[in-house]
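Below is one structure, written out as structure tokens; comments come after it.
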Amino acid sequence: MTEVRLIEVKENILDDNDKVAADLRARLTASKTFLLNLMAGPGAGKTSTVIATATRLKDRIRIGVLEADIDSTVDAEKVLEAGIPAIQMKTGGFCHLDATMVEDGLRTLGGNYDLVILENVGNLVCPAEFDTGAHLNMMVISVPEGDDKPLKYPLMFSVCDIILVNKTDMQALTDFSLERFTSSVRRVNAKAAIFPVSCRTGEGLDVWAEALAEKVLEFQQKKS
């Protein structure tokens, strides 16, 4: 009986994806298009974060959005209603995006953008395993999800450069501790920047948006 070696299949898939992602990132860099990969679990506030961020920057930065879900066009409709160019990507059951899917999405989105925000599928596991070709990985975690998530999903927190803690307006209703959360993050990621925000009240969003604008400007000023 032939042994089934699933781990090799996975490694080959990831290796192929890494090659596609590296090529995509190089082409985006050459065109001065900054790709931001946004990840989070369902209900953390990904789409609200996308809209709140883009509306603060769209008069200064050309922004496009790639929305990804297993099904539905709900999120893309919300982004379009906010006056931001967007397309919806249906993964047909896949719990993540890979670099080839992102290439297809960018081709469909079209246009020339300084910043493209990729809202990945709502999941704290699979998206962290696949390089999308992005220049920056970020995630949104919400206060109601609890401050122990960095210990339960270490890979997700370890691959992110930016972490937004959303729904800070609900902190008084929970036992969430930002200090405890930050300590847990630092056990798996010593460098990630952490921004407490509330998409409902607007708390912290101006600070976050300005930090992102600075990163995009720095990126565009770099010599190819």
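Chain lettering (A, B, ...) mirrors the order of the structure tokens, residue numbering begins at 1 for each chain separately, and ligand numbering begins at 1 in order of display.
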
Per residue of region 75-143 of chain A within 12 Å of region 179-194 of chain A, which atom pair is closest and at what distance in Å (one decimal), using only C-alpha atoms, listed by chain and increasing number, as JSON lines?
```
{"residue": "A:Leu136", "atom": "CA", "partner": "A:Ala192", "partner_atom": "CA", "distance": 10.9}
{"residue": "A:Asn137", "atom": "CA", "partner": "A:Ala192", "partner_atom": "CA", "distance": 9.9}
{"residue": "A:Met138", "atom": "CA", "partner": "A:Ala192", "partner_atom": "CA", "distance": 8.9}
{"residue": "A:Met139", "atom": "CA", "partner": "A:Ile194", "partner_atom": "CA", "distance": 9.9}
{"residue": "A:Val140", "atom": "CA", "partner": "A:Ile194", "partner_atom": "CA", "distance": 9.9}
{"residue": "A:Ile141", "atom": "CA", "partner": "A:Phe181", "partner_atom": "CA", "distance": 10.4}
{"residue": "A:Ser142", "atom": "CA", "partner": "A:Phe181", "partner_atom": "CA", "distance": 11.2}
{"residue": "A:Val143", "atom": "CA", "partner": "A:Phe181", "partner_atom": "CA", "distance": 9.8}
```

Practice problem: Write out as number ranges by chain all residues of region 53-102 of chain A that backbone DSSP assigns to helix (DSSP H, G or I). | Solution: A: 53-57, 74-81, 99-102

Output N, CA and C atoms of each residue in that selection to a file, as an mmCIF file, in the first residue's frame.
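Wrote out-v8.cif, looks like this:
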```
data_model
loop_
_atom_site.group_PDB
_atom_site.id
_atom_site.type_symbol
_atom_site.label_atom_id
_atom_site.label_comp_id
_atom_site.auth_asym_id
_atom_site.auth_seq_id
_atom_site.Cartn_x
_atom_site.Cartn_y
_atom_site.Cartn_z
ATOM 1 N N THR A 53 -10.678 53.462 7.088
ATOM 2 C CA THR A 53 -9.327 53.839 6.672
ATOM 3 C C THR A 53 -9.340 54.537 5.320
ATOM 4 N N ALA A 54 -10.033 53.927 4.368
ATOM 5 C CA ALA A 54 -10.043 54.471 3.007
ATOM 6 C C ALA A 54 -10.716 55.837 2.925
ATOM 7 N N THR A 55 -11.788 56.038 3.674
ATOM 8 C CA THR A 55 -12.478 57.334 3.626
ATOM 9 C C THR A 55 -11.613 58.451 4.198
ATOM 10 N N ARG A 56 -10.718 58.111 5.107
ATOM 11 C CA ARG A 56 -9.812 59.114 5.666
ATOM 12 C C ARG A 56 -8.668 59.451 4.727
ATOM 13 N N LEU A 57 -8.372 58.569 3.778
ATOM 14 C CA LEU A 57 -7.188 58.760 2.936
ATOM 15 C C LEU A 57 -7.492 58.961 1.457
ATOM 16 N N VAL A 74 -21.715 41.155 -0.276
ATOM 17 C CA VAL A 74 -22.117 42.132 0.745
ATOM 18 C C VAL A 74 -21.026 43.153 1.033
ATOM 19 N N ASP A 75 -19.792 42.687 1.245
ATOM 20 C CA ASP A 75 -18.721 43.598 1.649
ATOM 21 C C ASP A 75 -18.335 44.562 0.531
ATOM 22 N N ALA A 76 -18.244 44.061 -0.692
ATOM 23 C CA ALA A 76 -17.893 44.942 -1.810
ATOM 24 C C ALA A 76 -18.966 46.011 -2.007
ATOM 25 N N GLU A 77 -20.216 45.633 -1.807
ATOM 26 C CA GLU A 77 -21.305 46.602 -1.935
ATOM 27 C C GLU A 77 -21.151 47.730 -0.918
ATOM 28 N N LYS A 78 -20.769 47.392 0.304
ATOM 29 C CA LYS A 78 -20.578 48.401 1.346
ATOM 30 C C LYS A 78 -19.440 49.355 0.981
ATOM 31 N N VAL A 79 -18.352 48.796 0.466
ATOM 32 C CA VAL A 79 -17.198 49.620 0.105
ATOM 33 C C VAL A 79 -17.540 50.540 -1.065
ATOM 34 N N LEU A 80 -18.233 50.001 -2.047
ATOM 35 C CA LEU A 80 -18.641 50.815 -3.194
ATOM 36 C C LEU A 80 -19.588 51.934 -2.776
ATOM 37 N N GLU A 81 -20.491 51.643 -1.846
ATOM 38 C CA GLU A 81 -21.415 52.663 -1.349
ATOM 39 C C GLU A 81 -20.673 53.805 -0.654
ATOM 40 N N ALA A 99 -1.532 33.941 -3.953
ATOM 41 C CA ALA A 99 -1.026 35.001 -4.831
ATOM 42 C C ALA A 99 -1.678 34.985 -6.210
ATOM 43 N N THR A 100 -1.985 33.799 -6.740
ATOM 44 C CA THR A 100 -2.630 33.717 -8.046
ATOM 45 C C THR A 100 -4.026 34.330 -8.008
ATOM 46 N N MET A 101 -4.764 34.066 -6.932
ATOM 47 C CA MET A 101 -6.092 34.661 -6.769
ATOM 48 C C MET A 101 -5.991 36.184 -6.706
ATOM 49 N N VAL A 102 -4.982 36.675 -6.009
ATOM 50 C CA VAL A 102 -4.797 38.123 -5.886
ATOM 51 C C VAL A 102 -4.457 38.735 -7.240
#
```

Quiz item: Quick one: residues within 10 Å of Glu67 (chain A), only C-alpha atoms counted, chain neighbours fewer than 2 positions away excluded, as JSON, numbers by chain?
Solution: {"A": [38, 46, 47, 50, 64, 65, 69, 73, 74, 75, 76, 77, 79, 86, 87, 88, 89, 90, 105, 117, 118, 119, 120, 121]}

Those residues you just picked out, can you put them in a file as an mmCIF file, in the first residue's frame with N, CA, C and O atoms?
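Final output, saved to selection-v4.cif:
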```
data_model
loop_
_atom_site.group_PDB
_atom_site.id
_atom_site.type_symbol
_atom_site.label_atom_id
_atom_site.label_comp_id
_atom_site.auth_asym_id
_atom_site.auth_seq_id
_atom_site.Cartn_x
_atom_site.Cartn_y
_atom_site.Cartn_z
ATOM 1 N N LEU A 38 -5.081 42.477 4.643
ATOM 2 C CA LEU A 38 -5.788 42.615 5.917
ATOM 3 C C LEU A 38 -6.474 41.297 6.268
ATOM 4 O O LEU A 38 -7.284 40.791 5.499
ATOM 5 N N LYS A 46 -13.400 43.802 9.797
ATOM 6 C CA LYS A 46 -12.495 44.016 8.654
ATOM 7 C C LYS A 46 -13.039 45.068 7.693
ATOM 8 O O LYS A 46 -12.342 46.019 7.349
ATOM 9 N N THR A 47 -14.274 44.857 7.233
ATOM 10 C CA THR A 47 -14.835 45.778 6.251
ATOM 11 C C THR A 47 -15.018 47.172 6.832
ATOM 12 O O THR A 47 -14.772 48.178 6.158
ATOM 13 N N VAL A 50 -11.666 48.750 6.712
ATOM 14 C CA VAL A 50 -11.327 49.146 5.341
ATOM 15 C C VAL A 50 -11.996 50.469 4.985
ATOM 16 O O VAL A 50 -11.353 51.397 4.485
ATOM 17 N N GLY A 64 -7.819 51.352 -3.995
ATOM 18 C CA GLY A 64 -8.721 50.331 -4.500
ATOM 19 C C GLY A 64 -8.810 49.212 -3.480
ATOM 20 O O GLY A 64 -7.902 49.041 -2.656
ATOM 21 N N VAL A 65 -9.879 48.451 -3.530
ATOM 22 C CA VAL A 65 -10.110 47.403 -2.528
ATOM 23 C C VAL A 65 -10.474 46.085 -3.204
ATOM 24 O O VAL A 65 -11.300 46.045 -4.117
ATOM 25 N N ASP A 69 -14.475 36.679 0.032
ATOM 26 C CA ASP A 69 -15.343 35.883 0.889
ATOM 27 C C ASP A 69 -15.612 34.555 0.204
ATOM 28 O O ASP A 69 -15.451 34.428 -1.019
ATOM 29 N N THR A 73 -21.706 39.151 -2.023
ATOM 30 C CA THR A 73 -21.063 40.391 -2.469
ATOM 31 C C THR A 73 -21.321 41.525 -1.472
ATOM 32 O O THR A 73 -21.149 42.690 -1.794
ATOM 33 N N VAL A 74 -21.715 41.155 -0.276
ATOM 34 C CA VAL A 74 -22.117 42.132 0.745
ATOM 35 C C VAL A 74 -21.026 43.153 1.033
ATOM 36 O O VAL A 74 -21.273 44.368 1.057
ATOM 37 N N ASP A 75 -19.792 42.687 1.245
ATOM 38 C CA ASP A 75 -18.721 43.598 1.649
ATOM 39 C C ASP A 75 -18.335 44.562 0.531
ATOM 40 O O ASP A 75 -18.124 45.760 0.776
ATOM 41 N N ALA A 76 -18.244 44.061 -0.692
ATOM 42 C CA ALA A 76 -17.893 44.942 -1.810
ATOM 43 C C ALA A 76 -18.966 46.011 -2.007
ATOM 44 O O ALA A 76 -18.655 47.166 -2.320
ATOM 45 N N GLU A 77 -20.216 45.633 -1.807
ATOM 46 C CA GLU A 77 -21.305 46.602 -1.935
ATOM 47 C C GLU A 77 -21.151 47.730 -0.918
ATOM 48 O O GLU A 77 -21.362 48.909 -1.238
ATOM 49 N N VAL A 79 -18.352 48.796 0.466
ATOM 50 C CA VAL A 79 -17.198 49.620 0.105
ATOM 51 C C VAL A 79 -17.540 50.540 -1.065
ATOM 52 O O VAL A 79 -17.189 51.726 -1.065
ATOM 53 N N ALA A 86 -13.969 48.974 -5.724
ATOM 54 C CA ALA A 86 -13.820 47.655 -5.116
ATOM 55 C C ALA A 86 -14.388 46.579 -6.014
ATOM 56 O O ALA A 86 -15.284 46.831 -6.827
ATOM 57 N N ILE A 87 -13.871 45.374 -5.867
ATOM 58 C CA ILE A 87 -14.465 44.197 -6.491
ATOM 59 C C ILE A 87 -14.603 43.118 -5.422
ATOM 60 O O ILE A 87 -13.919 43.149 -4.398
ATOM 61 N N GLN A 88 -15.503 42.170 -5.671
ATOM 62 C CA GLN A 88 -15.695 41.050 -4.752
ATOM 63 C C GLN A 88 -15.084 39.797 -5.356
ATOM 64 O O GLN A 88 -15.325 39.469 -6.521
ATOM 65 N N MET A 89 -14.299 39.103 -4.577
ATOM 66 C CA MET A 89 -13.714 37.838 -4.996
ATOM 67 C C MET A 89 -14.381 36.717 -4.201
ATOM 68 O O MET A 89 -14.321 36.705 -2.977
ATOM 69 N N LYS A 90 -15.007 35.774 -4.898
ATOM 70 C CA LYS A 90 -15.616 34.615 -4.251
ATOM 71 C C LYS A 90 -14.649 33.446 -4.352
ATOM 72 O O LYS A 90 -14.250 33.060 -5.444
ATOM 73 N N GLY A 105 -7.576 39.115 -9.077
ATOM 74 C CA GLY A 105 -8.362 40.207 -8.522
ATOM 75 C C GLY A 105 -7.852 41.571 -8.942
ATOM 76 O O GLY A 105 -8.634 42.458 -9.308
ATOM 77 N N ILE A 117 -6.048 47.702 -0.828
ATOM 78 C CA ILE A 117 -6.299 46.976 0.411
ATOM 79 C C ILE A 117 -6.978 45.663 0.061
ATOM 80 O O ILE A 117 -8.039 45.646 -0.569
ATOM 81 N N LEU A 118 -6.364 44.585 0.471
ATOM 82 C CA LEU A 118 -6.904 43.256 0.248
ATOM 83 C C LEU A 118 -7.540 42.759 1.539
ATOM 84 O O LEU A 118 -6.852 42.539 2.537
ATOM 85 N N GLU A 119 -8.864 42.630 1.537
ATOM 86 C CA GLU A 119 -9.537 42.066 2.711
ATOM 87 C C GLU A 119 -9.644 40.562 2.516
ATOM 88 O O GLU A 119 -10.444 40.075 1.720
ATOM 89 N N ASN A 120 -8.826 39.825 3.234
ATOM 90 C CA ASN A 120 -8.755 38.380 3.092
ATOM 91 C C ASN A 120 -9.990 37.708 3.686
ATOM 92 O O ASN A 120 -10.796 38.346 4.367
ATOM 93 N N VAL A 121 -10.126 36.420 3.456
ATOM 94 C CA VAL A 121 -11.248 35.654 3.982
ATOM 95 C C VAL A 121 -11.195 35.642 5.509
ATOM 96 O O VAL A 121 -10.116 35.561 6.106
#
```

Quiz item: Among region 64-207 of chain A, which ones does DSSP place in strand (DSSP E), written as number ranges by chain?
Solution: A: 64-69, 86-90, 115-119, 136-142, 162-166, 193-196

Exercise. Find the residues around Ala26 (chain A) up to 12 Å (only C-alpha atoms counted), leave out those fewer than 5 positions away in its own chain, and share them as a ChimeraX atom specification.
Key: /A:19-21,31-35,133-135,224

Residue selection dump (all heavy atoms) as a compact mmCIF listing (two decimals), in the first residue's frame:
```
# COMPACT_ATOMS: atom_id res chain seq x y z
N LYS A 19 6.68 31.62 -5.05
CA LYS A 19 7.31 32.12 -6.27
C LYS A 19 6.40 33.11 -6.99
O LYS A 19 6.84 34.16 -7.46
CB LYS A 19 7.64 30.94 -7.19
CG LYS A 19 8.72 30.02 -6.65
CD LYS A 19 8.92 28.80 -7.54
CE LYS A 19 9.97 27.87 -6.95
NZ LYS A 19 10.11 26.62 -7.75
N VAL A 20 5.11 32.77 -7.06
CA VAL A 20 4.14 33.67 -7.69
C VAL A 20 4.04 34.97 -6.90
O VAL A 20 3.99 36.07 -7.46
CB VAL A 20 2.76 33.00 -7.79
CG1 VAL A 20 1.72 33.98 -8.34
CG2 VAL A 20 2.82 31.76 -8.68
N ALA A 21 4.02 34.84 -5.56
CA ALA A 21 3.89 36.01 -4.69
C ALA A 21 5.10 36.95 -4.84
O ALA A 21 4.94 38.18 -4.88
CB ALA A 21 3.75 35.58 -3.24
N SER A 31 5.55 49.29 -10.10
CA SER A 31 4.47 50.20 -10.49
C SER A 31 4.07 51.14 -9.36
O SER A 31 3.12 51.92 -9.50
CB SER A 31 3.25 49.40 -10.94
OG SER A 31 2.68 48.68 -9.85
N LYS A 32 4.80 51.06 -8.23
CA LYS A 32 4.55 51.93 -7.07
C LYS A 32 3.15 51.71 -6.48
O LYS A 32 2.51 52.65 -5.99
CB LYS A 32 4.73 53.41 -7.43
CG LYS A 32 6.13 53.77 -7.92
CD LYS A 32 7.17 53.59 -6.84
CE LYS A 32 8.54 54.07 -7.29
NZ LYS A 32 9.58 53.87 -6.24
N THR A 33 2.69 50.48 -6.53
CA THR A 33 1.39 50.13 -5.94
C THR A 33 1.62 49.34 -4.66
O THR A 33 2.18 48.25 -4.70
CB THR A 33 0.55 49.28 -6.91
OG1 THR A 33 0.35 50.00 -8.13
CG2 THR A 33 -0.81 48.95 -6.30
N PHE A 34 1.19 49.90 -3.55
CA PHE A 34 1.39 49.29 -2.24
C PHE A 34 0.21 48.36 -1.94
O PHE A 34 -0.94 48.79 -1.93
CB PHE A 34 1.48 50.38 -1.17
CG PHE A 34 1.90 49.90 0.20
CD1 PHE A 34 3.24 49.83 0.54
CD2 PHE A 34 0.94 49.53 1.14
CE1 PHE A 34 3.62 49.39 1.81
CE2 PHE A 34 1.32 49.11 2.40
CZ PHE A 34 2.66 49.03 2.74
N LEU A 35 0.51 47.08 -1.71
CA LEU A 35 -0.55 46.10 -1.43
C LEU A 35 -0.56 45.75 0.06
O LEU A 35 0.45 45.31 0.61
CB LEU A 35 -0.33 44.84 -2.26
CG LEU A 35 -1.35 43.71 -2.07
CD1 LEU A 35 -2.76 44.18 -2.44
CD2 LEU A 35 -0.96 42.48 -2.89
N GLY A 133 1.60 38.23 -1.84
CA GLY A 133 2.33 39.21 -2.64
C GLY A 133 2.26 40.60 -2.04
O GLY A 133 2.75 41.57 -2.62
N ALA A 134 1.66 40.70 -0.85
CA ALA A 134 1.49 42.00 -0.20
C ALA A 134 2.82 42.55 0.32
O ALA A 134 3.75 41.79 0.61
CB ALA A 134 0.50 41.88 0.96
N HIS A 135 2.87 43.87 0.44
CA HIS A 135 4.04 44.52 1.03
C HIS A 135 3.94 44.58 2.55
O HIS A 135 4.95 44.74 3.24
CB HIS A 135 4.17 45.95 0.48
CG HIS A 135 4.43 45.98 -0.98
ND1 HIS A 135 3.43 46.15 -1.92
CD2 HIS A 135 5.59 45.85 -1.70
CE1 HIS A 135 3.95 46.14 -3.14
NE2 HIS A 135 5.25 45.97 -3.03
N SER A 224 13.41 52.39 -7.25
CA SER A 224 13.16 51.02 -7.72
C SER A 224 14.46 50.25 -7.85
O SER A 224 15.49 50.80 -8.19
CB SER A 224 12.43 51.05 -9.06
OG SER A 224 11.20 51.72 -8.93
```

Quiz item: Given the choices A:Ala213, A:Val207, A:Leu24, A:Leu124, which gets closest to Cys160 (chain A) if the distance is worked out from only C-alpha atoms?
Solution: A:Leu124
